[in-house]
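Below is one structure, written out as structure tokens; the observations come after it.
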Amino acid sequence: MRAPEYVRTVQSFARRELIGQEQQLDSRALPPEVLYQRFAETGLGNWWVPKEYGGLGFGLQESVKIVTELAYGDAGAAFTLFIPVLTTSMLGWYGSDELKDAHLNRMVAENGCAATLGSEHAAGSELARITTTVRREGDSLVLNGKKAFSTDADFAQFLIVLARVEGSTSEFLTVLVPRETAGITVDKRWDMIGLRSSGTYQISLTDCRVPAGNALKGNGLRLLEVGLNASRILIASTALGIARRVRDVCMDYAKTKSVKGAPLANNPVFAAKLGQFEMLIEVMTNQCEAAARDYDAIASRPDAGEEFLRVGTLKSALTTKMFCGQTGWQIASAASEMFGGLGYTHEAVIGKLVRDVRYVSIVEAGDDVLRDLMFNRYVVPVSKRS
């Protein structure tokens with residue numbers, strides 16, 4: 001069946017800008033914002049932003065298809081291009097009309113992006129322990145702190161910052177901070193093992209002052225929890241794209257590699273492994289699509305923001321990220337062994353794919369954190385939860 005036009009557009013972009021450019025992408029020679037702008041030239045930039053703000057208004061089901069094709073070419077590029085969905089979804093559901101009009105319209109019009117500042121070194125995945133603070137001074141909010149990992153933050157138009165209300169142990173806000181605000185310092189760009197074409201930064205905030213109306217409505221921790229649903233499903237989709245690329249790289253290798261005087265492609269052990277890969281890829285595909293449908297079913301409701309707050313973390317988002325991360329790693333790891341010593345060098349692309357897929361089980365909460373969350377939210381009976 002012929003792929004939708006937007007999918008064919010993404011496939012063309014991946015062939016032109018990503019596939020075959022692995023060494024350049026891994027070298028970090030190409031600034032990630034350049035990739036962002038090049039993709040915008042396809043007409044699909046910020047594809048998920050609602051139409052009323054100039055976006056295409058694509059749902060998560062379309063997004064899964066787009067991200068899978070991008071990750072087939074390069075998972076770092078995919079991550080760069082879709083991770084602003086975490087930021088803009090929080091703004092879209094819980095920001096004032098004035099904030100949305102000012103920042104989402106500009107972001108789409110200028111092919112810009114946005115970033116979220118949540119994680120901190122000491123807190124790790126326990127976001128309730130963050131030390132970044134926000135205090136009220138008249139009609140302003142003032143933020144101070146240091147954030148450990150924020151992708152796209154250096155070239156974002158605006159940031160959504162998770163901060164603890166100064167003097168409180170349990171009150172948190174998410175605050176929109178324009179990137180040009182005084183007091184924002186990029187301490188460094190992290191030298192990542194995988195996703196090397198993306199840009200992830202450590203950021204310091206020193207007396208960053210913004211209008212009080214820049215705070216989103218609701219408890220900041222809960223808002224971030226809601227925002228993570230979409231990005232976790234799309235992170236899982238990158239594992240799917242990588243797994244498909246791994247399968248095809250193995251097939252290409254098998255056409256030229258000879259084992260016992262015959263092409264590797266004719267070897268029954270190889271065939272069995274690739275058959276297993278295909279089964280797992282099919283299940284990954286179905287899982288990503290099912291989770292996206294769950295998300296879109298809520299997003300299409302007139303009370304979507306309230307319903308997301310009620311639900312919090314979607315079970316399907318957790319299961320999809322965990323399953324696809326673990327399965328993608330299983331596929332890439334097994335495939336790398338087929339290449340023998342070559343698979344442990346930088347000469348073969350399989351090594352890059354192994355490094356890239358590892359992030360799925362680490363970013364936006366590692367698997368152990370998600371298992372614990374799954375247990376407490378969906379295994380322990382409601383009457384027995386603390």
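Chain labels run A, B, ... following the order of the structure tokens; each chain numbers its residues from 1, and ligands are numbered from 1 in the order shown.
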
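Those residues that approach Val165 (chain A) to within 7 Å, counting only C-alpha atoms, are A:Thr133, A:Val134, A:Arg135, A:Glu171, A:Phe172, A:Leu173; same-chain residues fewer than 5 positions away are not listed.
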
Tell me which protein, DNA and RNA residues are within 8 Å of region 14-27 of chain A, counting only C-alpha atoms, leaving out same-chain ones fewer than 3 positions away, and put them as number ranges by chain. A: 10-11, 30, 69-70, 72-74, 195-197, 349

Which residues are near region 277-279 of chain A? Cut-off 12 Å, only C-alpha atoms, ignore same chain within fewer than 5 positions. Put them as a VMD selection string. chain A and resid 240 242 to 248 250 to 251 270 to 272 284 to 286 327 to 335

Next, the residues of the selection above should be written as a JSON list (two decimals), in the first residue's frame with N, CA, C and O atoms.
```json
[["chain", "number", "residue", "atom", "x", "y", "z"],
["A", 240, "LEU", "N", 12.00, 1.73, 16.92],
["A", 240, "LEU", "CA", 11.42, 1.02, 15.78],
["A", 240, "LEU", "C", 12.16, 1.37, 14.49],
["A", 240, "LEU", "O", 12.50, 0.49, 13.69],
["A", 242, "ILE", "N", 15.24, 2.48, 14.17],
["A", 242, "ILE", "CA", 16.59, 1.91, 14.23],
["A", 242, "ILE", "C", 16.53, 0.41, 13.94],
["A", 242, "ILE", "O", 17.37, -0.13, 13.21],
["A", 243, "ALA", "N", 15.55, -0.28, 14.52],
["A", 243, "ALA", "CA", 15.43, -1.73, 14.31],
["A", 243, "ALA", "C", 15.21, -2.06, 12.84],
["A", 243, "ALA", "O", 15.79, -3.02, 12.30],
["A", 244, "ARG", "N", 14.40, -1.28, 12.16],
["A", 244, "ARG", "CA", 14.18, -1.49, 10.73],
["A", 244, "ARG", "C", 15.47, -1.27, 9.94],
["A", 244, "ARG", "O", 15.78, -2.01, 9.00],
["A", 245, "ARG", "N", 16.23, -0.24, 10.33],
["A", 245, "ARG", "CA", 17.50, 0.03, 9.65],
["A", 245, "ARG", "C", 18.50, -1.11, 9.90],
["A", 245, "ARG", "O", 19.21, -1.55, 8.98],
["A", 246, "VAL", "N", 18.53, -1.62, 11.13],
["A", 246, "VAL", "CA", 19.40, -2.74, 11.46],
["A", 246, "VAL", "C", 19.08, -3.94, 10.58],
["A", 246, "VAL", "O", 19.98, -4.59, 10.02],
["A", 247, "ARG", "N", 17.80, -4.26, 10.45],
["A", 247, "ARG", "CA", 17.39, -5.38, 9.60],
["A", 247, "ARG", "C", 17.91, -5.21, 8.17],
["A", 247, "ARG", "O", 18.47, -6.14, 7.58],
["A", 248, "ASP", "N", 17.75, -4.02, 7.62],
["A", 248, "ASP", "CA", 18.16, -3.78, 6.23],
["A", 248, "ASP", "C", 19.67, -3.78, 6.08],
["A", 248, "ASP", "O", 20.20, -4.24, 5.06],
["A", 250, "CYS", "N", 21.70, -5.56, 7.83],
["A", 250, "CYS", "CA", 22.07, -6.98, 7.88],
["A", 250, "CYS", "C", 21.83, -7.65, 6.52],
["A", 250, "CYS", "O", 22.65, -8.46, 6.05],
["A", 251, "MET", "N", 20.73, -7.33, 5.88],
["A", 251, "MET", "CA", 20.44, -7.91, 4.58],
["A", 251, "MET", "C", 21.47, -7.47, 3.54],
["A", 251, "MET", "O", 21.92, -8.27, 2.71],
["A", 270, "PHE", "N", 21.27, -17.40, 9.83],
["A", 270, "PHE", "CA", 21.02, -15.99, 9.52],
["A", 270, "PHE", "C", 19.54, -15.76, 9.24],
["A", 270, "PHE", "O", 18.93, -14.81, 9.74],
["A", 271, "ALA", "N", 18.96, -16.63, 8.42],
["A", 271, "ALA", "CA", 17.55, -16.48, 8.07],
["A", 271, "ALA", "C", 16.65, -16.53, 9.30],
["A", 271, "ALA", "O", 15.69, -15.75, 9.42],
["A", 272, "ALA", "N", 16.98, -17.43, 10.22],
["A", 272, "ALA", "CA", 16.18, -17.54, 11.43],
["A", 272, "ALA", "C", 16.26, -16.27, 12.27],
["A", 272, "ALA", "O", 15.26, -15.80, 12.83],
["A", 284, "MET", "N", 6.66, -4.25, 17.65],
["A", 284, "MET", "CA", 7.02, -2.88, 18.00],
["A", 284, "MET", "C", 6.13, -1.88, 17.25],
["A", 284, "MET", "O", 5.65, -0.90, 17.83],
["A", 285, "THR", "N", 5.93, -2.12, 15.96],
["A", 285, "THR", "CA", 5.08, -1.24, 15.15],
["A", 285, "THR", "C", 3.67, -1.18, 15.71],
["A", 285, "THR", "O", 3.10, -0.09, 15.89],
["A", 286, "ASN", "N", 3.10, -2.33, 15.99],
["A", 286, "ASN", "CA", 1.74, -2.37, 16.51],
["A", 286, "ASN", "C", 1.64, -1.69, 17.87],
["A", 286, "ASN", "O", 0.65, -1.01, 18.17],
["A", 327, "THR", "N", 13.53, -4.24, 23.19],
["A", 327, "THR", "CA", 13.51, -5.04, 21.98],
["A", 327, "THR", "C", 14.47, -4.48, 20.93],
["A", 327, "THR", "O", 15.16, -5.24, 20.24],
["A", 328, "GLY", "N", 14.50, -3.16, 20.81],
["A", 328, "GLY", "CA", 15.43, -2.55, 19.86],
["A", 328, "GLY", "C", 16.87, -2.87, 20.21],
["A", 328, "GLY", "O", 17.71, -3.15, 19.34],
["A", 329, "TRP", "N", 17.19, -2.83, 21.52],
["A", 329, "TRP", "CA", 18.53, -3.18, 21.98],
["A", 329, "TRP", "C", 18.83, -4.65, 21.67],
["A", 329, "TRP", "O", 19.93, -5.00, 21.22],
["A", 330, "GLN", "N", 17.88, -5.52, 21.89],
["A", 330, "GLN", "CA", 18.04, -6.95, 21.61],
["A", 330, "GLN", "C", 18.35, -7.17, 20.13],
["A", 330, "GLN", "O", 19.27, -7.94, 19.77],
["A", 331, "ILE", "N", 17.62, -6.49, 19.26],
["A", 331, "ILE", "CA", 17.83, -6.64, 17.82],
["A", 331, "ILE", "C", 19.20, -6.10, 17.40],
["A", 331, "ILE", "O", 19.96, -6.77, 16.68],
["A", 332, "ALA", "N", 19.53, -4.89, 17.84],
["A", 332, "ALA", "CA", 20.80, -4.27, 17.43],
["A", 332, "ALA", "C", 21.99, -5.05, 17.97],
["A", 332, "ALA", "O", 23.01, -5.21, 17.28],
["A", 333, "SER", "N", 21.88, -5.52, 19.20],
["A", 333, "SER", "CA", 22.98, -6.27, 19.80],
["A", 333, "SER", "C", 23.21, -7.59, 19.08],
["A", 333, "SER", "O", 24.36, -7.95, 18.76],
["A", 334, "ALA", "N", 22.14, -8.32, 18.80],
["A", 334, "ALA", "CA", 22.27, -9.59, 18.08],
["A", 334, "ALA", "C", 22.80, -9.36, 16.67],
["A", 334, "ALA", "O", 23.63, -10.13, 16.18],
["A", 335, "ALA", "N", 22.36, -8.30, 16.03],
["A", 335, "ALA", "CA", 22.82, -8.00, 14.68],
["A", 335, "ALA", "C", 24.29, -7.67, 14.64],
["A", 335, "ALA", "O", 25.01, -8.06, 13.70]]
```

Proximity of region 46-81 of chain A to region 222-231 of chain A: per-residue shortest pair, 12 Å limit, only C-alpha atoms, as CSV:
```
residue,atom,partner,partner_atom,distance
A:Trp48,CA,A:Ala230,CA,10.6
A:Gly59,CA,A:Ala230,CA,10.0
A:Leu60,CA,A:Ala230,CA,7.2
A:Gln61,CA,A:Ala230,CA,10.4
A:Ser63,CA,A:Ala230,CA,9.5
A:Val64,CA,A:Ala230,CA,9.8
A:Val67,CA,A:Ser231,CA,10.7
A:Ala78,CA,A:Ser231,CA,11.5
A:Phe79,CA,A:Ser231,CA,9.4
A:Thr80,CA,A:Ser231,CA,11.6
A:Leu81,CA,A:Ser231,CA,11.3
```

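Each of A:Val311, A:Leu370, A:Ala123, A:Val49 was checked against Tyr295 (chain A) using only C-alpha atoms; the smallest atom-to-atom distance is that of A:Val311.
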
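Distances to Glu120 (chain A) were evaluated for A:Ala3, A:Tyr201, A:Leu56, A:Leu44 using only C-alpha atoms, and the minimum falls at A:Tyr201.
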
Please provide the set of residues having any atom within 12 Å of Phe155 (chain A), restricted to only C-alpha atoms, with same-chain residues fewer than 2 positions apart removed, written as JSON, numbers by chain. {"A": [31, 32, 33, 34, 35, 36, 37, 80, 84, 107, 111, 112, 113, 114, 115, 150, 151, 152, 153, 157, 158, 159, 178, 179, 180, 186, 189, 198, 199, 200, 201]}
